[in-house]
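Asks: Have a look at this one.
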Amino acid sequence: MENTPYTEKVIEYFQNPKNVGEIEDPDGYAKEGSPACGDMVSLFIKVHDDTHEITDIKFKSYGCASNIATGSIITEMAKGKTIEEAKKITWQQAAEELGGLPDLKTHCSVLAVDALREAIRNYEERHGIGEEQKETTVEVVKERLKHVMNPMTGVDVIQTDLIHDIEVEDGKISIEVDLEEDHQFASAVKEDIKEKLEPRWDVKEVNVNFVGD
Amino acid sequence: MKDEIIYLDSAASSQMDKEVFEAMKPYMLDNFAVATSDFAYSMGVEAKEALNDARERIADKLGASADEFIFTSCATESSNLALKGVAEKLSEEGNHIIVSDIEDFPVLNTAKALEKKGFEVTYLDVDGEGFVDLDMLEESIGEDTILVSIQHGNQEIGTLQDIEKIAEICDENDVLYHTDATHTFGRVPIDVNEISVDLITVSAHTIHGPRGIGGLYIREGTPLKKQMDGGFQENNLRAGVENIPAAIGFAKALDLIDEEENERVRRLRDKLIEGIMNEVPDVMLNGPEEKRTPQNANITFHYVEGESITLHLDMRGIAVSTGSACFSKSLEASHVIMGIGGDHERAHGSVRFTFGRFNSEDQVEEVVEATSDIIRKLRDISPLGEEEEE
């Protein structure tokens, strides 16, 4: 045990993770990563309407020890903070709290921090507050799709050119994906895209079409 | 090694048997000579005799004569010598080599290195259980093909290739055949009088022998270019002072294995597979049920990640390995699981359990119980697989 590359604190959180679970009817929700890249985190928050304080926070992890430990520490750090404060929590701070993480594991642990920020963004989108007051445009959609993983590569769908076309009109978004309809990952990608866009305050409908051949 | 550790990673390297160590000791402390000619001092002559005695005992296991077997530093060196040695010697006759997709790195990366030097390499696909398609092999052999290298037993999922048929195909097409038997030597018999294989890579570290010693069977007359230049040791095919104690340890390790032990190892392995299949839902066996090495089990636990499983097992004193990307230094998922058509999730959740002489039934029971408990805990915190549960 003393020979693992992990600190005692990482091992402690790995064995007894804090704030594990789901929140029914959350105010903000995010899912980052995908099984293809070996790590996935989902994160749920409850936010006080007036003070914008995070009153409850829960996470689930499919991942290695550093992923589980970071999810654990980040939820502890965010609880009780306002969403503005929580947004500023960095991966470095989380790693520091854990007494350090192996360099190789940066990717797995950054995911938990991303999930927190995405859950907050999701809350803002639903409520049309903060930066998320801005109108949904093709550019905004593109930005959001950078958080949808291409399960075949573990890199996002924008970078891997999986998105063929994006149209936005009157709150209706149409997206063409360069995959065959019956591809093994098609439904997962579709679900992921909808999850990232549907919560936006000015979005009424998201249509995902597969145009691969 | 601590007594309480349950070691199930013998395919990586196995615990050396004390009897092996005792056999080696005199040649570490008392007789420290190199193997000399018959006309030199007596300690050197005795060392030479001991080395050749070890050689004969190992060659005998393959049905070969002693001068068809040389010692190397490990299986990696043996496979390098086999592939590069043949390729360089026969480059005038052809430049095409065939290997399987799921070879271990010594063969796979040597093939890639030869590719960079201008050789053409075909990487044969395998089916869902890891078997090479024999028709596809035959179709891949062309005018320029000089060598086929297809392993005997797979390092991760235990698939036992039909090397007799593969050798036959190679023979009929006048192509040399090398097989990497690192994970079968001692555990699954090979007789070179029945199988027309030309080169066989073997190692001691997987059968309770010492590390740092391997060997290569070279059928008489097989063209091979020496890779390690220097003196004239090992039939002038591998220069360097012989590792005599390790060679003696290798032979001793082989002497200690018999069919009864292999049967016992197989039973332990089967007990583990059965136990896990009964206790843990949503699992799958990777590799074939029947035609696999007796010591190997490889199981994917869906919805959980392998590094987390192995770390939890380690904290309970159980040593295993996984095909998960998170476990590897390169962060690449197992090429074997991907090679048999698995996706990343199947590779990430795969755990390899490999057995040896020192494992017991009690240990298997403990491992099944611990694994079942750990998987339940990890699934509790996993966001995957919930739809399936409901």
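Residues in the structure tokens are numbered from 1 in each chain, the chains being A, B, ... in the order shown, and ligands are numbered from 1 in the order shown.
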Would you mind listing, as a short mmCIF file (atom, residue, chain, number, x, y, z; two decimals) with N, CA and C atoms, in the first residue's frame, all residues of chain A that have at least one atom within 7 Å of chain B, where only C-alpha atoms are what counts?

Replies:
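out19.cif was written with the following content:
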```cif
data_model
loop_
_atom_site.label_atom_id
_atom_site.label_comp_id
_atom_site.auth_asym_id
_atom_site.auth_seq_id
_atom_site.Cartn_x
_atom_site.Cartn_y
_atom_site.Cartn_z
N MET A 1 0.82 -1.20 0.00
CA MET A 1 0.00 0.00 0.00
C MET A 1 0.85 1.26 0.00
N VAL A 20 -20.98 10.88 -2.31
CA VAL A 20 -21.29 10.01 -3.45
C VAL A 20 -22.80 9.83 -3.56
N GLY A 21 -23.28 9.87 -4.79
CA GLY A 21 -24.69 9.58 -5.00
C GLY A 21 -25.31 10.51 -6.02
N PRO A 35 -17.07 6.54 -21.21
CA PRO A 35 -16.42 5.26 -20.92
C PRO A 35 -15.22 5.01 -21.84
N ALA A 36 -15.25 5.60 -23.04
CA ALA A 36 -14.17 5.36 -23.98
C ALA A 36 -12.83 5.89 -23.48
N GLY A 38 -12.07 6.14 -20.46
CA GLY A 38 -11.71 5.44 -19.23
C GLY A 38 -12.20 6.12 -17.97
N SER A 42 -20.35 12.11 -13.07
CA SER A 42 -21.59 12.88 -13.12
C SER A 42 -21.70 13.62 -11.80
N LYS A 60 -20.94 10.93 -8.93
CA LYS A 60 -20.69 9.51 -9.17
C LYS A 60 -19.51 9.39 -10.13
N SER A 61 -18.73 8.32 -9.98
CA SER A 61 -17.53 8.20 -10.80
C SER A 61 -17.37 6.82 -11.40
N TYR A 62 -17.03 6.80 -12.69
CA TYR A 62 -16.53 5.59 -13.33
C TYR A 62 -15.10 5.95 -13.65
N GLY A 63 -14.18 5.52 -12.82
CA GLY A 63 -12.81 5.93 -13.09
C GLY A 63 -11.83 5.39 -12.09
N CYS A 64 -10.59 5.86 -12.23
CA CYS A 64 -9.50 5.36 -11.39
C CYS A 64 -9.49 6.12 -10.06
N ALA A 65 -8.52 5.77 -9.24
CA ALA A 65 -8.46 6.32 -7.89
C ALA A 65 -8.39 7.84 -7.89
#
```

Asks: Would you give me, as a VMD selection string, the residues in region 223-322 of chain B that DSSP reads as strand (DSSP E or B)?

Replies: chain B and resid 283 to 285 292 296 to 301 318 to 319 321 to 322

Asks: Can you pull out every residue within 10 Å of Ser79 (chain B), counting only C-alpha atoms, but drop anything in the same chain fewer than 2 positions away, and send it as a ChimeraX atom specification?

Replies: /B:72,74-77,81-85,105-108,110-111,149,178-180,182,199-202,214-216

Asks: How would the residues just chosen look if you wrote them out with C-alpha atoms as a CSV table (one decimal), in the first residue's frame?

Replies:
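Saved result, again_20.csv, follows:
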```csv
chain,number,residue,atom,x,y,z
B,72,THR,CA,19.3,-15.7,-23.9
B,74,CYS,CA,14.8,-13.2,-21.6
B,75,ALA,CA,11.9,-13.9,-23.9
B,76,THR,CA,12.1,-10.4,-25.4
B,77,GLU,CA,15.7,-11.1,-26.5
B,81,LEU,CA,16.7,-12.7,-32.3
B,82,ALA,CA,14.2,-14.9,-34.0
B,83,LEU,CA,12.5,-12.1,-36.0
B,84,LYS,CA,15.4,-9.9,-36.8
B,85,GLY,CA,17.8,-12.9,-37.2
B,105,PHE,CA,5.1,-6.6,-27.3
B,106,PRO,CA,8.4,-8.4,-27.9
B,107,VAL,CA,7.0,-9.8,-31.2
B,108,LEU,CA,4.7,-6.9,-32.0
B,110,THR,CA,10.1,-6.1,-33.2
B,111,ALA,CA,7.8,-6.5,-36.2
B,149,SER,CA,5.4,-15.4,-36.0
B,178,HIS,CA,8.4,-18.8,-35.0
B,179,THR,CA,6.1,-19.1,-32.0
B,180,ASP,CA,6.3,-17.2,-28.7
B,182,THR,CA,6.5,-17.6,-23.0
B,199,LEU,CA,11.8,-21.2,-33.7
B,200,ILE,CA,10.3,-21.2,-30.2
B,201,THR,CA,10.7,-18.4,-27.6
B,202,VAL,CA,10.7,-19.6,-24.0
B,214,GLY,CA,15.1,-17.0,-21.6
B,215,GLY,CA,15.8,-19.3,-24.5
B,216,LEU,CA,15.3,-19.9,-28.1
```

Asks: Which one of B:Ser372, B:Gln155, B:Gln227, B:Asn298 sits closest to Thr206 (chain B) if you count only C-alpha atoms?

Replies: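 Once distances to Thr206 (chain B) are computed over only C-alpha atoms, the minimum belongs to B:Gln155.
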
Asks: Can you tell me, as JSON, numbers by chain, what residues are no more than 7 Å from region 68-70 of chain B when counting only C-alpha atoms, ignoring any on the same chain fewer than 4 positions away?

Replies: {"B": [55, 59, 64, 215, 216, 217, 218, 219, 220, 234]}

Asks: Residues near Tyr13 (chain A), anyone? I mean within 9 Å using only C-alpha atoms, not counting same-chain ones fewer than 2 positions away, as a PyMOL selection string.

Replies: chain A and resi 8-11+15-18+65+68-70+72-73+98

Asks: Only N, CA and C atoms, please: the residues just picked out, written as a tab-separated table (two decimals), in the first residue's frame.

Replies:
```tsv
chain	number	residue	atom	x	y	z
A	8	GLU	N	-1.50	9.45	0.87
A	8	GLU	CA	-2.40	8.82	1.84
A	8	GLU	C	-3.81	9.38	1.73
A	9	LYS	N	-3.87	10.70	1.48
A	9	LYS	CA	-5.17	11.36	1.42
A	9	LYS	C	-5.97	10.87	0.20
A	10	VAL	N	-5.28	10.68	-0.92
A	10	VAL	CA	-5.96	10.16	-2.11
A	10	VAL	C	-6.53	8.78	-1.80
A	11	ILE	N	-5.71	7.96	-1.18
A	11	ILE	CA	-6.14	6.60	-0.85
A	11	ILE	C	-7.33	6.63	0.12
A	15	GLN	N	-10.94	5.12	-0.79
A	15	GLN	CA	-11.61	4.07	-0.02
A	15	GLN	C	-12.93	4.51	0.57
A	16	ASN	N	-12.96	5.77	1.00
A	16	ASN	CA	-14.19	6.29	1.61
A	16	ASN	C	-14.59	7.61	0.95
A	17	PRO	N	-15.05	7.53	-0.27
A	17	PRO	CA	-15.39	8.78	-0.97
A	17	PRO	C	-16.55	9.50	-0.28
A	18	LYS	N	-16.46	10.84	-0.29
A	18	LYS	CA	-17.51	11.66	0.32
A	18	LYS	C	-18.48	12.15	-0.76
A	65	ALA	N	-8.52	5.77	-9.24
A	65	ALA	CA	-8.46	6.32	-7.89
A	65	ALA	C	-8.39	7.84	-7.89
A	68	ILE	N	-11.83	9.35	-8.57
A	68	ILE	CA	-12.74	9.22	-7.43
A	68	ILE	C	-12.34	10.20	-6.32
A	69	ALA	N	-11.06	10.28	-6.05
A	69	ALA	CA	-10.59	11.16	-4.97
A	69	ALA	C	-10.83	12.62	-5.31
A	70	THR	N	-10.60	13.01	-6.57
A	70	THR	CA	-10.81	14.41	-6.94
A	70	THR	C	-12.30	14.76	-6.87
A	72	SER	N	-14.40	13.53	-4.92
A	72	SER	CA	-14.70	13.62	-3.50
A	72	SER	C	-14.27	14.96	-2.91
A	73	ILE	N	-13.04	15.35	-3.18
A	73	ILE	CA	-12.50	16.58	-2.57
A	73	ILE	C	-13.18	17.82	-3.15
A	98	LEU	N	-5.24	17.33	-1.98
A	98	LEU	CA	-5.05	15.87	-1.90
A	98	LEU	C	-3.59	15.51	-1.64
```

Asks: Which residues are close to Ile129 (chain A), i.e. within 12 Å by only C-alpha atoms, leaving aside same-chain residues fewer than 6 positions away? Reply as a ChimeraX atom specification.

Replies: /A:49,52,83-84,120-123,135,200-202

Asks: With N, CA and C atoms retained, export the selected residues as a PDB file, in the first residue's frame.

Replies:
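What follows is the written file out.pdb:
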```pdb
ATOM      1  N   ASP A  49     -31.897  29.708  -4.146  1.00  0.00           N
ATOM      2  CA  ASP A  49     -32.392  30.653  -5.140  1.00  0.00           C
ATOM      3  C   ASP A  49     -31.857  32.069  -4.955  1.00  0.00           C
ATOM      4  N   HIS A  52     -27.568  31.959  -3.996  1.00  0.00           N
ATOM      5  CA  HIS A  52     -26.757  31.205  -4.959  1.00  0.00           C
ATOM      6  C   HIS A  52     -25.691  30.348  -4.294  1.00  0.00           C
ATOM      7  N   ILE A  83     -22.045  29.971  -6.101  1.00  0.00           N
ATOM      8  CA  ILE A  83     -21.615  29.420  -7.391  1.00  0.00           C
ATOM      9  C   ILE A  83     -20.450  30.224  -7.961  1.00  0.00           C
ATOM     10  N   GLU A  84     -20.405  31.526  -7.679  1.00  0.00           N
ATOM     11  CA  GLU A  84     -19.283  32.339  -8.175  1.00  0.00           C
ATOM     12  C   GLU A  84     -17.971  31.884  -7.547  1.00  0.00           C
ATOM     13  N   ILE A 120     -22.563  23.939 -12.640  1.00  0.00           N
ATOM     14  CA  ILE A 120     -22.907  25.331 -12.322  1.00  0.00           C
ATOM     15  C   ILE A 120     -23.436  26.029 -13.578  1.00  0.00           C
ATOM     16  N   ARG A 121     -22.753  25.795 -14.681  1.00  0.00           N
ATOM     17  CA  ARG A 121     -23.186  26.387 -15.942  1.00  0.00           C
ATOM     18  C   ARG A 121     -24.617  25.914 -16.290  1.00  0.00           C
ATOM     19  N   ASN A 122     -24.838  24.625 -16.052  1.00  0.00           N
ATOM     20  CA  ASN A 122     -26.149  24.046 -16.308  1.00  0.00           C
ATOM     21  C   ASN A 122     -27.222  24.753 -15.485  1.00  0.00           C
ATOM     22  N   TYR A 123     -26.870  25.053 -14.234  1.00  0.00           N
ATOM     23  CA  TYR A 123     -27.792  25.798 -13.358  1.00  0.00           C
ATOM     24  C   TYR A 123     -28.050  27.197 -13.931  1.00  0.00           C
ATOM     25  N   GLU A 135     -27.640  34.850 -25.871  1.00  0.00           N
ATOM     26  CA  GLU A 135     -28.459  34.083 -26.793  1.00  0.00           C
ATOM     27  C   GLU A 135     -27.687  32.886 -27.338  1.00  0.00           C
ATOM     28  N   ARG A 200     -30.513  24.998 -21.987  1.00  0.00           N
ATOM     29  CA  ARG A 200     -30.348  26.441 -22.212  1.00  0.00           C
ATOM     30  C   ARG A 200     -31.715  27.137 -22.234  1.00  0.00           C
ATOM     31  N   TRP A 201     -31.746  28.297 -21.622  1.00  0.00           N
ATOM     32  CA  TRP A 201     -33.021  28.992 -21.401  1.00  0.00           C
ATOM     33  C   TRP A 201     -33.780  29.312 -22.684  1.00  0.00           C
ATOM     34  N   ASP A 202     -33.037  29.550 -23.773  1.00  0.00           N
ATOM     35  CA  ASP A 202     -33.729  29.947 -25.008  1.00  0.00           C
ATOM     36  C   ASP A 202     -33.836  28.808 -26.031  1.00  0.00           C
TER      37      ASP A 202
END
```

Asks: Would you mind reading off the distance between CA of Glu53 (chain A) and CA of Leu197 (chain A), one decimal, in Å?

Replies: 24.1 Å

Asks: Neighbours of region 158-167 of chain B within 6 Å (only C-alpha atoms; same-chain residues fewer than 3 positions away dropped), as a ChimeraX atom specification?

Replies: /B:130,152-155,170-171,195-197,287,291-293,296

Asks: Can you tell me how far CA of Gly28 (chain A) sits from CA of Ala112 (chain A), in Å to one decimal?

Replies: 14.6 Å

Asks: Hey, which of A:Gly33, A:Pro199, A:Pro151, A:Pro5 ends up closest to Ala115 (chain A)? Count only C-alpha atoms.

Replies: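 Under the stated criterion, the closest residue is A:Gly33.
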
Asks: Rank B:Val336, B:Ile273, B:Met136, B:Ala33 by their smallest atom-to-atom distance to Glu46 (chain B), using only C-alpha atoms, and report the top residue only.

Replies: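 Closest to Glu46 (chain B) of all the choices is B:Ala33.
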
Asks: From the list A:Leu101, A:Val203, A:Tyr29, A:Val157, which residue is nearest Gly128 (chain A) when using only C-alpha atoms?

Replies: A:Val203

Asks: So how many Å separate CA of Asp213 (chain A) and CA of Asp178 (chain A), to one decimal?

Replies: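 Straight-line distance from CA of Asp213 (chain A) to CA of Asp178 (chain A) works out to 8.0 Å.
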
Asks: Could you give me the residues within region 91-194 of chain A that DSSP places in alpha helix (DSSP H), as a PyMOL selection string?

Replies: chain A and resi 91-97+106-127+138-145+186-194
